[in-house]
Every structure is written in structure tokens, then in C-alpha cells.
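Pasting upload-v2.txt here (compact mmCIF, C-alpha atoms):
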# COMPACT_ATOMS: atom_id res chain seq x y z
CA MET J 1 0.00 0.00 0.00
CA ALA J 2 2.85 2.42 0.86
CA ALA J 3 4.33 1.83 -2.62
CA LYS J 4 0.98 2.62 -4.24
CA ILE J 5 0.74 5.85 -2.24
CA LEU J 6 4.24 6.88 -3.28
CA SER J 7 3.49 6.10 -6.93
CA ALA J 8 0.26 8.14 -6.81
CA PHE J 9 2.12 11.04 -5.19
CA ARG J 10 4.84 10.95 -7.83
CA LYS J 11 2.13 11.14 -10.49
CA ARG J 12 0.51 13.98 -8.48
CA ASN J 13 -2.74 12.01 -8.71
CA GLN J 14 -5.01 13.42 -6.03
CA ARG J 15 -8.02 11.20 -6.78
CA LEU J 16 -5.97 8.04 -6.49
CA LEU J 17 -4.40 9.25 -3.24
CA ARG J 18 -7.88 9.84 -1.74
CA LYS J 19 -8.99 6.40 -2.91
CA LEU J 20 -5.93 4.82 -1.30
CA ASN J 21 -6.61 6.86 1.85
CA ASP J 22 -10.11 5.33 2.06
CA GLU J 23 -8.61 1.84 1.81
CA VAL J 24 -5.98 2.46 4.50
CA LEU J 25 -8.58 4.04 6.79
CA LYS J 26 -10.71 0.89 6.76
CA ALA J 27 -7.66 -1.26 7.46
CA THR J 28 -6.63 1.06 10.33
CA ALA J 29 -9.97 0.71 12.10
CA MET J 30 -9.57 -3.06 11.99
CA HIS J 31 -5.88 -3.39 12.82
CA CYS J 32 -5.26 -0.29 14.94
CA ASN J 33 -1.49 -0.21 14.34
CA LEU J 34 1.03 2.61 14.02
CA ALA J 35 1.94 1.98 10.39
CA CYS J 36 -1.66 1.79 9.18
CA PHE J 37 -2.64 4.91 11.08
CA ASN J 38 0.28 6.97 9.79
CA LEU J 39 -0.25 5.77 6.23
CA ALA J 40 -3.85 6.94 6.55
CA VAL J 41 -2.75 10.37 7.77
CA PHE J 42 0.02 10.83 5.22
CA SER J 43 -1.96 9.55 2.23
CA TYR J 44 -4.53 12.22 3.11
CA VAL J 45 -1.88 14.92 3.62
CA LEU J 46 -0.16 14.05 0.31
CA SER J 47 -3.52 14.28 -1.47
CA LYS J 48 -3.97 17.78 0.01
CA ILE J 49 -0.49 18.84 -1.12
CA VAL J 50 -1.14 17.63 -4.66
CA SER J 51 -4.48 19.47 -4.72
CA LYS J 52 -2.86 22.86 -4.04
CA PRO J 53 -1.55 24.49 -7.24
CA ARG J 54 0.99 26.60 -5.32
CA PHE J 55 2.86 23.45 -4.23
CA LEU J 56 3.27 22.47 -7.89
CA ARG J 57 5.21 25.66 -8.66
CA PRO J 58 8.99 25.31 -9.32
CA GLU J 59 10.07 26.78 -5.97
CA TYR J 60 8.45 23.81 -4.17
CA LYS J 61 10.04 21.14 -6.39
CA SER J 62 12.92 20.37 -4.04
CA GLY J 63 10.50 20.15 -1.10
CA LEU J 64 8.36 17.63 -2.96
CA ILE J 65 11.42 15.59 -3.88
CA GLY J 66 12.44 15.64 -0.19
CA ILE J 67 9.05 14.17 0.75
CA GLU J 68 9.36 11.52 -1.98
CA ARG J 69 12.79 10.47 -0.67
CA VAL J 70 11.55 9.93 2.89
CA PHE J 71 8.49 8.08 1.62
CA GLU J 72 10.69 5.88 -0.56
CA ARG J 73 12.68 4.85 2.53
CA LEU J 74 9.39 4.16 4.30
CA THR J 75 8.24 1.79 1.55
CA GLU J 76 11.56 -0.05 1.71
CA ARG J 77 11.56 -0.42 5.50
CA LEU J 78 7.85 -0.75 6.30
CA ASP J 79 7.74 -4.55 6.60
CA SER J 80 10.99 -5.05 8.50
CA ALA J 81 11.55 -1.94 10.60
CA SER J 82 11.02 -1.81 14.35
CA GLU J 83 8.32 0.47 15.77
CA ALA J 84 11.01 2.93 16.89
CA GLU J 85 12.49 3.10 13.38
CA LEU J 86 9.06 3.55 11.82
CA THR J 87 8.25 6.34 14.28
CA GLN J 88 11.51 8.03 13.28
CA ILE J 89 10.73 7.78 9.55
CA PHE J 90 7.22 9.16 10.06
CA SER J 91 8.71 12.05 12.09
CA GLU J 92 11.08 12.80 9.20
CA LEU J 93 8.14 12.74 6.82
CA GLU J 94 6.27 15.19 9.04
CA ALA J 95 9.35 17.46 9.14
CA ALA J 96 9.67 17.32 5.34
CA ILE J 97 6.03 18.40 4.96
CA ALA J 98 6.44 21.15 7.59
CA HIS J 99 9.46 22.38 5.62
CA LEU J 100 7.32 22.57 2.48
CA GLU J 101 4.68 24.60 4.30
CA GLU J 102 6.97 27.01 6.14
CA LYS J 103 7.81 29.01 3.03
CA ASP J 104 4.27 30.33 2.84
CA ALA J 105 2.33 29.36 5.96
CA ARG J 106 -1.37 30.20 5.70
CA PHE J 107 -3.09 28.46 8.60
CA VAL J 108 -2.48 28.15 12.34
CA VAL J 109 -2.98 24.41 12.05
CA ASP J 110 -0.39 22.65 9.88
CA LEU J 111 -1.22 20.08 7.20
CA VAL J 112 -0.21 17.01 9.21
CA THR J 113 -2.29 18.08 12.23
CA LYS J 114 -5.17 18.76 9.85
CA GLY J 115 -4.70 15.26 8.44
CA LYS J 116 -4.72 13.75 11.93
CA LEU J 117 -7.87 15.70 12.77
CA LYS J 118 -9.63 14.48 9.66
CA MET J 119 -8.60 10.89 10.41
CA ALA J 120 -9.70 11.17 14.07
CA ALA J 121 -13.11 12.53 13.07
CA THR J 122 -13.46 9.73 10.50
CA PHE J 123 -12.60 7.05 13.08
CA TYR J 124 -15.18 8.59 15.41
CA ALA J 125 -17.79 8.70 12.62
CA GLN J 126 -17.07 5.07 11.73
CA GLY J 127 -17.90 3.90 15.25
CA MET J 128 -14.85 4.18 17.50
CA SER J 129 -15.29 6.29 20.60
CA LEU J 130 -14.02 9.83 20.83
CA GLY J 131 -11.43 8.69 23.37
CA VAL J 132 -10.03 5.99 21.07
CA ALA J 133 -9.88 8.48 18.18
CA ALA J 134 -8.06 10.99 20.40
CA GLU J 135 -5.64 8.38 21.71
CA MET J 136 -4.79 7.07 18.24
CA THR J 137 -4.13 10.51 16.81
CA GLY J 138 -2.67 12.23 19.87
CA LEU J 139 -5.17 15.07 19.46
CA GLU J 140 -7.33 16.80 22.05
CA LYS J 141 -10.94 15.55 22.30
CA GLN J 142 -12.03 19.17 22.03
CA GLU J 143 -10.44 19.49 18.58
CA ILE J 144 -12.17 16.34 17.35
CA LEU J 145 -15.52 17.41 18.82
CA ASP J 146 -15.29 20.77 17.04
CA TYR J 147 -14.57 19.03 13.73
CA ALA J 148 -17.23 16.32 14.24
CA GLY J 149 -19.79 18.99 15.17
CA GLU J 150 -19.47 20.47 11.71
CA THR J 151 -20.10 17.18 9.94
CA MET J 152 -23.37 15.28 9.41
CA MET J 153 -22.17 12.24 11.37
CA PHE J 154 -24.88 12.56 14.02
CA ASP J 155 -27.57 12.94 11.36
CA ARG J 156 -26.66 9.71 9.61
CA LEU J 157 -27.76 7.54 12.53
CA GLN J 158 -31.26 6.62 13.51
CA ALA J 159 -32.16 8.02 16.95
CA GLU J 160 -32.02 5.36 19.67
CA LYS J 161 -34.76 7.09 21.69
CA THR J 162 -37.35 9.70 20.81
CA ILE J 163 -36.88 13.21 22.16
CA SER J 164 -40.04 12.76 24.29
CA GLU J 165 -38.49 9.70 25.92
CA ARG J 166 -35.27 11.61 26.51
CA MET J 167 -37.04 14.54 28.11
CA LYS J 168 -39.06 12.19 30.32
CA ILE J 169 -35.78 10.77 31.62
CA ALA J 170 -34.29 14.25 31.98
CA ARG J 171 -37.23 15.49 34.05
CA LYS J 172 -37.06 12.38 36.22
CA ILE J 173 -33.33 12.77 36.84
CA LEU J 174 -32.93 16.51 37.14
CA GLY J 175 -36.42 17.57 38.14
CA GLY J 176 -38.55 20.05 36.28
CA MET B 1 -31.55 15.29 48.94
CA THR B 2 -28.64 15.74 46.53
CA ARG B 3 -28.77 13.72 43.33
CA ASP B 4 -25.47 12.68 41.75
CA VAL B 5 -25.16 12.70 37.98
CA LEU B 6 -21.97 11.59 36.21
CA CYS B 7 -20.59 13.75 33.40
CA ASP B 8 -18.24 12.92 30.55
CA SER B 9 -15.62 15.34 29.31
CA GLY B 10 -17.57 16.09 26.10
CA VAL B 11 -20.47 17.55 28.07
CA LEU B 12 -18.23 19.93 30.00
CA ILE B 13 -16.46 20.89 26.76
CA SER B 14 -19.73 21.52 24.85
CA LEU B 15 -21.25 23.57 27.68
CA THR B 16 -18.19 25.73 28.30
CA ALA B 17 -17.58 26.20 24.55
CA GLY B 18 -21.13 27.51 24.26
CA CYS B 19 -20.79 29.66 27.43
CA LEU B 20 -23.67 27.60 28.83
CA ASP B 21 -21.84 26.12 31.82
CA ASN B 22 -23.99 28.26 34.15
CA ILE B 23 -26.69 25.68 33.45
CA LEU B 24 -24.71 23.38 35.76
CA TYR B 25 -24.96 26.03 38.51
CA HIS B 26 -28.68 26.39 37.77
CA PHE B 27 -29.36 22.68 38.38
CA SER B 28 -27.00 22.61 41.34
CA ASP B 29 -28.73 25.59 43.03
CA HIS B 30 -32.36 24.86 42.14
CA ASN B 31 -32.55 21.07 41.85
CA ASN B 32 -29.80 19.87 44.24
CA VAL B 33 -27.91 18.12 41.47
CA ARG B 34 -24.22 17.34 41.96
CA PHE B 35 -22.25 16.79 38.76
CA VAL B 36 -19.63 14.10 39.37
CA ILE B 37 -16.55 13.44 37.24
CA PRO B 38 -13.70 10.93 37.57
CA PRO B 39 -10.10 12.24 37.81
CA SER B 40 -9.47 11.34 34.15
CA VAL B 41 -12.15 13.82 33.04
CA GLU B 42 -10.62 16.53 35.25
CA TYR B 43 -7.22 15.76 33.71
CA GLU B 44 -8.55 15.95 30.13
CA THR B 45 -10.61 19.10 30.57
CA VAL B 46 -8.60 21.09 33.13
CA THR B 47 -5.13 19.85 34.02
CA ARG B 48 -3.81 19.04 30.54
CA PRO B 49 -5.00 22.22 28.77
CA LEU B 50 -3.62 24.38 31.59
CA TYR B 51 -0.38 22.45 32.06
CA ASN B 52 0.35 22.26 28.32
CA ASN B 53 -0.82 25.84 27.74
CA LEU B 54 -3.27 24.79 25.01
CA LYS B 55 -4.31 28.36 24.22
CA LYS B 56 -7.43 27.42 22.27
CA HIS B 57 -8.84 25.52 25.24
CA LEU B 58 -7.60 27.57 28.22
CA PHE B 59 -10.82 29.49 28.81
CA SER B 60 -12.93 26.30 28.91
CA ALA B 61 -10.39 24.75 31.31
CA ILE B 62 -10.56 27.76 33.63
CA ARG B 63 -14.37 27.75 33.65
CA ILE B 64 -14.47 24.03 34.52
CA LYS B 65 -11.79 24.52 37.19
CA ASP B 66 -13.91 27.29 38.68
CA ALA B 67 -17.03 25.06 38.74
CA ILE B 68 -14.98 22.41 40.55
CA ALA B 69 -13.78 25.00 43.07
CA ASP B 70 -17.41 26.10 43.58
CA GLY B 71 -18.46 22.52 44.32
CA VAL B 72 -20.87 22.37 41.37
CA ILE B 73 -18.67 19.72 39.80
CA GLU B 74 -17.16 17.16 42.15
CA VAL B 75 -14.11 15.08 41.28
CA VAL B 76 -14.56 11.60 42.77
CA ASP B 77 -11.74 9.11 42.79
CA ALA B 78 -13.20 5.74 43.73
CA LYS B 79 -10.25 3.54 42.66
CA VAL B 80 -12.13 1.75 39.92
CA GLU B 81 -9.15 0.77 37.78
CA ASP B 82 -9.87 -2.98 37.82
CA GLU B 83 -13.55 -2.52 37.06
CA ALA B 84 -12.68 0.01 34.32
CA ARG B 85 -10.35 -2.53 32.71
CA ARG B 86 -13.12 -5.15 32.80
CA VAL B 87 -15.57 -2.73 31.15
CA MET B 88 -12.99 -1.78 28.53
CA HIS B 89 -12.10 -5.42 27.83
CA ALA B 90 -15.77 -6.38 27.39
CA ALA B 91 -16.47 -3.39 25.10
CA ASN B 92 -13.35 -3.92 23.02
CA ASN B 93 -13.98 -7.64 22.54
CA MET B 94 -17.69 -7.47 21.85
CA PHE B 95 -17.65 -6.91 18.08
CA TYR B 96 -15.40 -8.65 15.56
CA MET B 97 -14.71 -7.64 11.95
CA LYS B 98 -12.80 -10.10 9.76
CA GLY B 99 -11.75 -12.01 12.87
CA GLN B 100 -10.32 -8.92 14.58
CA PRO B 101 -11.86 -7.35 17.72
CA VAL B 102 -13.02 -3.77 17.15
CA ARG B 103 -11.55 -1.34 19.65
CA LEU B 104 -14.45 0.87 20.72
CA LEU B 105 -13.69 2.34 24.15
CA GLN B 106 -10.68 4.02 25.73
CA PHE B 107 -9.72 3.75 29.40
CA GLY B 108 -11.11 7.17 30.41
CA GLU B 109 -14.53 6.34 29.00
CA SER B 110 -14.51 2.93 30.68
CA GLU B 111 -13.46 4.57 33.96
CA MET B 112 -16.56 6.77 33.87
CA LEU B 113 -18.83 3.75 33.38
CA ALA B 114 -17.00 1.86 36.14
CA LEU B 115 -17.35 4.85 38.47
CA ALA B 116 -21.12 4.89 37.90
CA SER B 117 -21.34 1.31 39.08
CA ALA B 118 -18.97 1.86 42.04
CA LEU B 119 -20.92 4.90 43.28
CA GLY B 120 -24.32 3.40 42.54
CA VAL B 121 -25.06 6.33 40.22
CA GLU B 122 -27.74 5.50 37.64
CA ASP B 123 -27.71 8.70 35.64
CA ILE B 124 -25.01 9.93 33.31
CA ILE B 125 -24.68 12.79 30.88
CA VAL B 126 -22.73 11.79 27.78
CA ASP B 127 -22.32 13.78 24.58
CA GLU B 128 -19.98 11.19 23.09
CA ARG B 129 -21.88 9.01 20.61
CA THR B 130 -20.22 5.57 20.87
CA THR B 131 -20.42 5.25 24.67
CA ARG B 132 -24.07 6.34 24.54
CA MET B 133 -24.88 3.79 21.85
CA LEU B 134 -23.11 1.02 23.77
CA ILE B 135 -25.44 1.74 26.68
CA GLU B 136 -28.67 2.40 24.82
CA ALA B 137 -28.49 0.46 21.57
CA PRO B 138 -25.41 -1.76 21.11
CA PHE B 139 -26.97 -3.59 18.17
CA GLN B 140 -27.56 -0.32 16.38
CA LEU B 141 -23.83 0.34 16.78
CA LYS B 142 -23.16 -3.09 15.26
CA GLU B 143 -25.37 -2.21 12.27
CA HIS B 144 -23.57 1.11 11.94
CA LEU B 145 -20.17 -0.64 11.83
CA GLU B 146 -21.48 -3.06 9.20
CA LYS B 147 -22.72 -0.18 7.06
CA GLU B 148 -19.47 1.76 7.42
CA PHE B 149 -17.11 -1.12 6.70
CA GLN B 150 -19.34 -3.22 4.44
CA VAL B 151 -18.53 -6.38 6.38
CA ASN B 152 -20.43 -8.68 8.72
CA VAL B 153 -19.80 -7.86 12.36
CA MET B 154 -19.78 -10.87 14.68
CA VAL B 155 -20.89 -10.52 18.30
CA ASN B 156 -19.02 -12.17 21.15
CA LYS B 157 -21.99 -13.07 23.34
CA ASN B 158 -19.96 -13.42 26.55
CA SER B 159 -18.50 -9.94 26.21
CA PHE B 160 -21.89 -8.57 25.22
CA ARG B 161 -23.54 -10.06 28.32
CA GLU B 162 -20.71 -8.89 30.57
CA LEU B 163 -20.91 -5.32 29.32
CA SER B 164 -24.68 -5.28 29.27
CA SER B 165 -24.91 -6.46 32.89
CA ARG B 166 -22.71 -3.51 33.90
CA ILE B 167 -24.08 -0.61 31.90
CA SER B 168 -27.45 -1.29 30.27
CA LYS B 169 -29.48 0.06 33.20
CA LEU B 170 -27.86 3.50 33.09
CA ASN B 171 -30.07 6.47 32.20
CA VAL B 172 -28.32 8.61 29.59
CA LEU B 173 -28.76 12.31 28.89
CA ARG B 174 -26.90 14.65 26.56
CA SER B 175 -26.05 18.30 27.15
CA SER B 176 -28.91 19.11 24.75
CA GLU B 177 -31.49 17.69 27.18
CA LEU B 178 -29.85 19.70 29.96
CA VAL B 179 -30.33 22.85 27.87
CA VAL B 180 -34.00 22.06 27.03
CA LEU B 181 -34.82 21.28 30.66
CA ALA B 182 -33.07 24.47 31.79
CA TYR B 183 -35.27 26.36 29.32
CA GLU B 184 -38.39 24.72 30.77
CA ASN B 185 -37.18 25.74 34.24
CA GLY B 186 -36.85 29.39 33.23
CA TYR B 187 -33.09 29.56 32.68
CA PHE B 188 -33.51 31.67 29.52
CA LYS B 189 -36.07 34.07 31.01
CA ASN B 190 -33.64 37.01 30.83
CA PHE B 191 -34.02 36.85 27.05
CA SER B 192 -37.71 37.83 27.55
CA ASN B 193 -39.47 37.52 24.19
CA LEU B 194 -36.41 35.87 22.60
CA GLN B 195 -36.40 32.89 24.95
CA ARG B 196 -37.33 30.29 22.35
CA GLU B 197 -34.86 31.72 19.83
CA ALA B 198 -32.20 31.56 22.56
CA LEU B 199 -33.05 27.90 23.18
CA GLU B 200 -32.79 27.09 19.47
CA ALA B 201 -29.47 28.95 19.19
CA ALA B 202 -28.14 27.18 22.30
CA LEU B 203 -29.08 23.76 20.88
CA TYR B 204 -27.31 24.51 17.60
CA LYS B 205 -24.28 25.69 19.57
CA MET B 206 -24.28 22.35 21.42
CA LYS B 207 -24.45 20.44 18.14
CA TYR B 208 -21.62 22.42 16.56
CA SER B 209 -19.56 21.89 19.72
CA GLY B 210 -19.83 18.12 19.27
CA CYS B 211 -22.95 17.04 21.15
CA SER B 212 -24.30 13.98 19.32
CA ILE B 213 -27.69 15.40 18.38
CA SER B 214 -29.20 15.53 14.88
CA PHE B 215 -30.77 18.53 13.15
CA ASP B 216 -34.12 16.68 13.19
CA GLU B 217 -33.93 16.25 16.95
CA ILE B 218 -33.23 19.98 17.39
CA LYS B 219 -36.25 20.81 15.21
CA GLY B 220 -38.27 18.35 17.30
CA TYR B 221 -37.26 20.05 20.53
CA ILE B 222 -38.20 23.48 19.16
CA GLU B 223 -41.60 22.15 18.04
CA MET B 224 -42.06 20.52 21.43
CA GLU B 225 -41.42 23.81 23.25
CA ARG B 226 -43.66 25.90 20.96
What does this structure look like when you write it as C-alpha cells?
Amino acid sequence: MAAKILSAFRKRNQRLLRKLNDEVLKATAMHCNLACFNLAVFSYVLSKIVSKPRFLRPEYKSGLIGIERVFERLTERLDSASEAELTQIFSELEAAIAHLEEKDARFVVDLVTKGKLKMAATFYAQGMSLGVAAEMTGLEKQEILDYAGETMMFDRLQAEKTISERMKIARKILGG
Amino acid sequence: MTRDVLCDSGVLISLTAGCLDNILYHFSDHNNVRFVIPPSVEYETVTRPLYNNLKKHLFSAIRIKDAIADGVIEVVDAKVEDEARRVMHAANNMFYMKGQPVRLLQFGESEMLALASALGVEDIIVDERTTRMLIEAPFQLKEHLEKEFQVNVMVNKNSFRELSSRISKLNVLRSSELVVLAYENGYFKNFSNLQREALEAALYKMKYSGCSISFDEIKGYIEMER
């Protein structure tokens, strides 16, 4: 999967990167491991980079090549590396992306954090608890709640109880 | 007589983000309700944001800290680690996808459920969707997972029974019900002829702050209070 992500990034193919991101996300929810989670985050982040025309300008070329180099090492080492080595490679990838952004920073939240936030909200929408999503991504629950609150995730589920039933319970518990 | 109600971190976050945390004072003063939280919720909502200087969340942290100092929110440490681990184990081994257990709950969330049982508290306020569904409608959560992942989800009956025996009798509220009940009790009366609009705005604020309520439910509440 890492090789497919790298190939899609080299081709600057945003649609393919998003498709691969969907696949990794499903695998992450089932396997819950570091490599899967980071591949989900970085496939999303790479798709965002490719979608921004400014990053395709010549002055960003060396930055993009830097990202490709780290990702290439990741694909080579993914199956055999220890968790510590993988963590190190993912940190280098994050630094390479931060380096790309620092020339012309536009948001308070950087691309990788944005990627983690999107992944956390997706995990939460898929069925994991908020706490699990926060723990996996290292983000604050508050950040995930803010993001989730602006999605339709709570509208896609059938209500477990009617609002009349809920208010009956509320009046019984809290008085009124 | 004081009535204890357990709160999750999401509720405190939603209420303070919407500047509606005075509702907790309202129920504490008028209805003798004591809002109880485990230490992990205090850590998540107060200690960590303050200690790590998380600027975006400092004001919420200070407001919650103040409510704790005022005795409206009480931090109760009942040493429920073993029970919390049992709850977490049952929840995280209840559903299987492609032979793998689905991790649903984290320790802090399990600790809150364990604390409810240890204190004999029957009522909890939870804005977080998965914990609420595990209590109220676990099979609906199973169906949701099946729809999301397009796979069959298998149920481990032993884990299901173990979890169900611990949590299925809990009464669950969300911050949205707290807001509606506060409205019925006159909390919004200072808005005079804008009271209902204030209720509607407050409910939308709760939703956008992460309370697991749908737009249809908000419309329903507004109709109900017409």
C-alpha cells in the first residue's frame, strides 16, 4: 500500500491518493497499528499537497522531492523496521512536509495536524469512541468534537430514543 | 436530597464552549444536582489544557476549574481501575470484523462507566456518541459498523452479556437535554421575548460543539417547546 501511495504522489494524482486513503482508513480501524494509522494520515496529507496548485510551482520542487525520498525509505523499511524506526521515519516525513509549508504558511494548524484531525473525526464517525480516536491521533478531544460537530455524522444515525423519551428521563433525573 | 449525575468530558467541553456552563450552577442551586466526574475527566478538561498551555482551550479549562472549586462539579476518585479494565475489555472484545476485535472504548470512557457502578449512580450525561450507543443500543452500533465497513460484524456473546450487565441500566442524557430542561425551568427568562430563539441557538451551539444530536432532533425540541 505504501508503494501505491508513493506512486500516486509521484504522479501527483489526487483522486488516487484519496482512494488509497479510504482503503488504508478501513484497514486502520480493523488493525489499529502505528503503520496503518500513519499511512492513513500521510496519504490524506499528500492528497492535500497535490491538490494545491501553489505546491506544484517550481520553488516547491525540491521540497516535494524531499518528501518523496523519505516516503521511498518508508516503503523499503515498512515490513521489516522496528516500531522505533518507523516512528523516526514518520517524524522525518512530518518534518519534510512542515518544511514545504513554512515558506508560505497560511493556517495556524499545519497540514499534518489537519490530516490527523480528519482521520480522528473519521474514526469517530465510523464507530470508534471519541477517546479511542483521540488516543490514536494524539489530538485533544475538544479538537475532534469541534470538527465532528461540523459534519453530518450525528444525522446519519437513527435516533435510539425519541426526544419525548429523553425529556421524560431528563425530568425524572434533574427535576422540572 | 442531593442527586449525583456523572458527566463525561464532552459535556463539559460543549457547555463551556457555548458559554452555557452556568446551566450546571442552575441545576445545582435549584434542583440539588451534583455533577460528578472521575479524575481522568478533570485531567482531560482542566489539568492538561492548563499544564500544556493549550491556548485554544484555556478558557474552557478555567471555567471548569472554577465550577470544581465552587463545588458544582465534584471530582470523585473511587479507585475503579480494575472494574474500568473489565468494562474496557468487554467493550473492546464485543464486536469482531474479519476475525479482529473492534476497539471501541478508551480507558477514560470505561473509567466513567465503572465509576457509575462503584458509586451506585444510575444517571449519566454523555455527549460522546459511541459510549451512549453502547449503553442504549449496542446492536444499532453493530449495524452502523457493518454499514461503514461493508462487512459482517460478529458478536461475542460473553463480552456482550458482561458489558450489558454492567451498563445497560444506566439512564443517559446529553447536554442538549440539559439545555432544554433548563429552558423549561426558566433559565432563559432574561431573554424575555427571545427565549425560544435563545433555546434554538443554544441547541445549535451544542451540536456544533460536538454534542451527538441531529438537526431533526433539534427541530423536534423546538416544536415541542412551541
Using all atoms listed in the file and a cut-off of 7 Å, which residues of chain J sit close to chain B? Please list them as a PyMOL selection string.
chain J and resi 26+30+126-132+142+145-146+148-150+154-155+160+163+166-167+170+174-176
At a cut-off of 12 Å, using all atoms listed in the file, what residues contact Glu23 of chain J? Leave out same-chain residues fewer than 4 positions from it and give the result as a short mmCIF file (atom, residue, chain, number, x, y, z; two decimals) with C-alpha atoms, in the coordinates of the input.
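Result went into part34.cif, see below:
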data_model
loop_
_atom_site.label_atom_id
_atom_site.label_comp_id
_atom_site.auth_asym_id
_atom_site.auth_seq_id
_atom_site.Cartn_x
_atom_site.Cartn_y
_atom_site.Cartn_z
CA MET J 1 0.00 0.00 0.00
CA ALA J 2 2.85 2.42 0.86
CA LYS J 4 0.98 2.62 -4.24
CA ILE J 5 0.74 5.85 -2.24
CA LEU J 16 -5.97 8.04 -6.49
CA LEU J 17 -4.40 9.25 -3.24
CA ARG J 18 -7.88 9.84 -1.74
CA LYS J 19 -8.99 6.40 -2.91
CA ALA J 27 -7.66 -1.26 7.46
CA THR J 28 -6.63 1.06 10.33
CA ALA J 29 -9.97 0.71 12.10
CA MET J 30 -9.57 -3.06 11.99
CA CYS J 36 -1.66 1.79 9.18
CA PHE J 37 -2.64 4.91 11.08
CA LEU J 39 -0.25 5.77 6.23
CA ALA J 40 -3.85 6.94 6.55
CA VAL J 41 -2.75 10.37 7.77
CA SER J 43 -1.96 9.55 2.23
CA TYR J 44 -4.53 12.22 3.11
CA PHE B 149 -17.11 -1.12 6.70
#
**Message:** Can you tell me which residues surround segment 96-103 of chain J at a distance of at most 9 Å, considering all atoms listed in the file, apart from same-chain residues fewer than 4 positions away, and format the answer as a list in words?
**Reply:** Val45, Leu46, Ile49, Phe55, Tyr60, Ser62, Gly63, Leu64, Gly66, Ile67, Val70, Ser91, Glu92, Asp110, Leu111 and Val112 of chain J
Q: Can you work out the spacing between atom CA of Leu6 of chain J and atom CA of Leu56 of chain J in Å, to one decimal?
A: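 Answer for the atom CA of Leu6 of chain J to atom CA of Leu56 of chain J separation: 16.3 Å.
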Residue nearest Asn93 of chain B among B:Phe35, B:Tyr51, B:Tyr43, B:Phe160 (counting all atoms listed in the file)
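Checking each of B:Phe35, B:Tyr51, B:Tyr43, B:Phe160 against Asn93 of chain B, counting all atoms listed in the file, the winner is B:Phe160.
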### Query
Between atom CA of Ser82 of chain J and atom CA of Ala35 of chain J, what is the distance, to one decimal in Å?
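Separation of atom CA of Ser82 of chain J and atom CA of Ala35 of chain J: 10.6 Å.
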In the coordinate frame of the file, compute which residues have an atom within 9 Å of (-25.1, 23.2, 33.7) when using only C-alpha atoms, and state them as a PDB file with C-alpha atoms, in the frame of the given file.
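File out_16.pdb, as written:
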ATOM      1  CA  LEU B  12     -18.230  19.930  30.000  1.00  0.00           C
ATOM      2  CA  LEU B  15     -21.250  23.570  27.680  1.00  0.00           C
ATOM      3  CA  LEU B  20     -23.670  27.600  28.830  1.00  0.00           C
ATOM      4  CA  ASP B  21     -21.840  26.120  31.820  1.00  0.00           C
ATOM      5  CA  ASN B  22     -23.990  28.260  34.150  1.00  0.00           C
ATOM      6  CA  ILE B  23     -26.690  25.680  33.450  1.00  0.00           C
ATOM      7  CA  LEU B  24     -24.710  23.380  35.760  1.00  0.00           C
ATOM      8  CA  TYR B  25     -24.960  26.030  38.510  1.00  0.00           C
ATOM      9  CA  HIS B  26     -28.680  26.390  37.770  1.00  0.00           C
ATOM     10  CA  PHE B  27     -29.360  22.680  38.380  1.00  0.00           C
ATOM     11  CA  SER B  28     -27.000  22.610  41.340  1.00  0.00           C
ATOM     12  CA  PHE B  35     -22.250  16.790  38.760  1.00  0.00           C
ATOM     13  CA  VAL B  72     -20.870  22.370  41.370  1.00  0.00           C
ATOM     14  CA  SER B 175     -26.050  18.300  27.150  1.00  0.00           C
ATOM     15  CA  LEU B 178     -29.850  19.700  29.960  1.00  0.00           C
ATOM     16  CA  VAL B 179     -30.330  22.850  27.870  1.00  0.00           C
ATOM     17  CA  ALA B 182     -33.070  24.470  31.790  1.00  0.00           C
TER      18      ALA B 182
END
Please compute the atom CA of Leu113 of chain B-atom CA of Val87 of chain B distance, one decimal, in Å.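 Separation between atom CA of Leu113 of chain B and atom CA of Val87 of chain B: 7.6 Å.
Between Ala125 of chain J and the residues J:Val50, J:Leu25, J:Ala81, J:Ala8, the shortest atom-to-atom distance, using all atoms listed in the file, involves J:Leu25.
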I'd like the contact shell of segment 75-84 of chain B - 8 Å cut-off, all atoms listed in the file, skipping same-chain residues fewer than 2 positions apart - returned as an NGL selection string. :B and (36-39 or 42 or 68 or 73 or 86-88 or 107 or 110-115 or 118-119)
